[in-house]
Amino acid sequence: MPGIGLLNEKPLHAALKKWYAQPGDRFEVAVDGFVIDLVRDDLLLEIQTRNFAAMKSKLQRLTSAHRVRVIYPIAHEKWIVKQPRIGICKASRRKSPKRGRVEDLFRELVSVPSLPANPNFTVEVLLIREEEVRRYVGGRKWRNRGWKLEERRLLEVVDRKLFEDPADWRGLLPTSLESTFTTQDLAQTLGIDRQLAQKMTYCLRGMGIIEQIGKQRRGNVYTVAACRTAAAG
């Protein structure tokens with residue numbers, strides 16, 4: 001059956017499954033031809049460390065008849081560990097200057113932008129501290145100067161954010177944002193790059209959280225969807 005399989009399970013995935021589990025949860029359960037990480041009563045819990053696109057078909061099929069929650073970890077703090085090379089006895093460990101944030105979810109969610117509109121689908125982001133272990137393989141085809149990602153290890157879960165309904169998604173829009181805005185405005189207000197802001201507006205528009213009301217030289221102009229505002233009131 002399609003599933004990660006315990007023999008191929010990576011350390012981060014295994015650690016998050018153990019951290020997230022509660023008494024009574026069932027592990028590696030077969031549901032509609034798929035193997036589910038955790039089943040809690042009638043809720044299917046899938047831990048996905050990357051590549052939402054690869055599970056698009058699976059999620060679409062499961063959410064047609066089941067409640068599904070995807071748990072997605074984002075490295076709020078990352079330590080890079082380089083395994084010893086030939087002639088070097090010790091591994092090195094340094095802290096990465098990059099810090100992940102909840103909005104990074106949209107880098108993956110853009111592959112399944114319509115799913116959050118399905119009431120059977122929810123997402124929980126876990127902000128974590130992690131170690132990224134790299135092994136030297138050499139060769140020009142590898143990025144990072146010949147170092148290849150070997151595995152990710154969980155150090156700590158520092159925060160979590162559950163997205164269940166439109167209000168949760170709408171809460172990602174900063175209150176200081178003008179009533180009409182472009183992706184550039186969103187990027188500047190949140191302090192994120194414009195590419196991520198574009199993915200964010202694409203997804204939020206697909207959910208019906210925002211709507212396009214026009215264009216200008218700087219790009220499409222958006223506003224919070226009127227129906228959502230009315231519902232919130």
# chains A, B, ... in the order shown; residues from 1 in each chain; ligands from 1
$ residues_around --residues "region 211-226 of chain A" --least-positions-apart "2" --cutoff "12 Å" --atoms "only C-alpha atoms" --output "ChimeraX atom specification"
/A:166-167,169-175,177-186,194,198,200-209,228-233
$ select_by_dssp --residues "region 38-216 of chain A" --states "alpha helix (DSSP H)" --output "ChimeraX atom specification"
/A:56-62,106-109,143-146,166-170,183-190,194-207
$ closest_residue --among "A:Trp147, A:Trp79, A:Tyr72, A:Tyr20" --to "Glu108 (chain A)" --atoms "only C-alpha atoms"
A:Tyr72
$ closest_residue --among "A:Ala15, A:Val158, A:Val70, A:Val35" --to "Val112 (chain A)" --atoms "only C-alpha atoms"
A:Val70
$ residues_around --residues "region 124-129 of chain A" --least-positions-apart "5" --cutoff "12 Å" --atoms "only C-alpha atoms" --output "count of residues only"
54
$ atom_distance --atom1 "CA of Gly146 (chain A)" --atom2 "CA of Arg107 (chain A)"
25.2 Å
$ atom_distance --atom1 "CA of Glu150 (chain A)" --atom2 "CA of Arg135 (chain A)"
6.0 Å
$ residues_around --residues "Arg61 (chain A)" --least-positions-apart "3" --cutoff "12 Å" --atoms "only C-alpha atoms" --output "VMD selection string"
chain A and resid 31 to 34 55 to 58 64 to 68 115 118 120 to 121
$ write_last_selection --atoms "N, CA and C atoms" --output "compact mmCIF listing (two decimals), in the first residue's frame"
# COMPACT_ATOMS: atom_id res chain seq x y z
N VAL A 31 -6.00 2.64 5.33
CA VAL A 31 -7.29 3.30 5.09
C VAL A 31 -7.43 3.55 3.59
N ASP A 32 -8.42 2.96 2.98
CA ASP A 32 -8.72 3.16 1.56
C ASP A 32 -7.50 2.97 0.66
N GLY A 33 -6.69 1.97 0.97
CA GLY A 33 -5.54 1.67 0.14
C GLY A 33 -4.29 2.46 0.46
N PHE A 34 -4.32 3.27 1.51
CA PHE A 34 -3.16 4.04 1.93
C PHE A 34 -2.78 3.68 3.36
N MET A 55 1.78 14.05 -2.43
CA MET A 55 0.63 13.45 -1.76
C MET A 55 -0.69 14.09 -2.18
N LYS A 56 -0.67 14.85 -3.26
CA LYS A 56 -1.87 15.55 -3.70
C LYS A 56 -3.02 14.58 -3.98
N SER A 57 -2.77 13.56 -4.77
CA SER A 57 -3.82 12.60 -5.11
C SER A 57 -4.32 11.88 -3.86
N LYS A 58 -3.40 11.51 -3.00
CA LYS A 58 -3.75 10.81 -1.76
C LYS A 58 -4.67 11.67 -0.90
N SER A 64 -12.24 13.10 0.63
CA SER A 64 -13.59 12.93 0.10
C SER A 64 -14.48 12.15 1.05
N ALA A 65 -13.83 11.41 1.98
CA ALA A 65 -14.64 10.59 2.89
C ALA A 65 -14.15 10.61 4.34
N HIS A 66 -13.00 11.26 4.60
CA HIS A 66 -12.42 11.22 5.94
C HIS A 66 -11.90 12.61 6.34
N ARG A 67 -11.82 12.82 7.65
CA ARG A 67 -11.16 14.00 8.18
C ARG A 67 -9.66 13.75 8.20
N VAL A 68 -8.91 14.66 7.57
CA VAL A 68 -7.47 14.48 7.44
C VAL A 68 -6.75 15.72 7.94
N LEU A 115 -7.27 22.55 -1.34
CA LEU A 115 -7.61 21.63 -0.26
C LEU A 115 -8.07 22.31 1.04
N ASN A 118 -11.68 22.56 1.73
CA ASN A 118 -12.42 21.33 2.06
C ASN A 118 -12.54 21.23 3.58
N ASN A 120 -12.99 18.85 5.42
CA ASN A 120 -12.36 17.64 5.96
C ASN A 120 -10.84 17.76 6.06
N PHE A 121 -10.28 18.88 5.61
CA PHE A 121 -8.83 19.04 5.57
C PHE A 121 -8.36 20.13 6.52
$ residues_around --residues "Leu149 (chain A)" --least-positions-apart "5" --cutoff "9 Å" --atoms "only C-alpha atoms" --output "PyMOL selection string"
chain A and resi 132-136
$ write_last_selection --atoms "N, CA, C and O atoms" --output "PDB file, in the first residue's frame"
ATOM      1  N   GLU A 132      20.375  19.326  10.930  1.00  0.00           N
ATOM      2  CA  GLU A 132      20.424  18.853   9.548  1.00  0.00           C
ATOM      3  C   GLU A 132      21.795  18.226   9.337  1.00  0.00           C
ATOM      4  O   GLU A 132      22.820  18.922   9.347  1.00  0.00           O
ATOM      5  N   VAL A 133      21.817  16.927   9.165  1.00  0.00           N
ATOM      6  CA  VAL A 133      23.080  16.193   9.037  1.00  0.00           C
ATOM      7  C   VAL A 133      23.452  16.077   7.562  1.00  0.00           C
ATOM      8  O   VAL A 133      22.641  15.623   6.738  1.00  0.00           O
ATOM      9  N   ARG A 134      24.670  16.478   7.240  1.00  0.00           N
ATOM     10  CA  ARG A 134      25.142  16.429   5.860  1.00  0.00           C
ATOM     11  C   ARG A 134      26.355  15.524   5.731  1.00  0.00           C
ATOM     12  O   ARG A 134      27.187  15.436   6.628  1.00  0.00           O
ATOM     13  N   ARG A 135      26.438  14.881   4.568  1.00  0.00           N
ATOM     14  CA  ARG A 135      27.562  13.983   4.261  1.00  0.00           C
ATOM     15  C   ARG A 135      28.256  14.484   2.998  1.00  0.00           C
ATOM     16  O   ARG A 135      27.597  14.862   2.033  1.00  0.00           O
ATOM     17  N   TYR A 136      29.594  14.459   3.020  1.00  0.00           N
ATOM     18  CA  TYR A 136      30.336  14.938   1.858  1.00  0.00           C
ATOM     19  C   TYR A 136      30.375  13.851   0.786  1.00  0.00           C
ATOM     20  O   TYR A 136      30.782  12.720   1.032  1.00  0.00           O
TER      21      TYR A 136
END
$ atom_distance --atom1 "CA of Asp25 (chain A)" --atom2 "CA of Leu38 (chain A)"
6.3 Å
$ closest_residue --among "A:Ser176, A:Thr122, A:Gln195, A:Thr189" --to "Leu59 (chain A)" --atoms "only C-alpha atoms"
A:Thr122
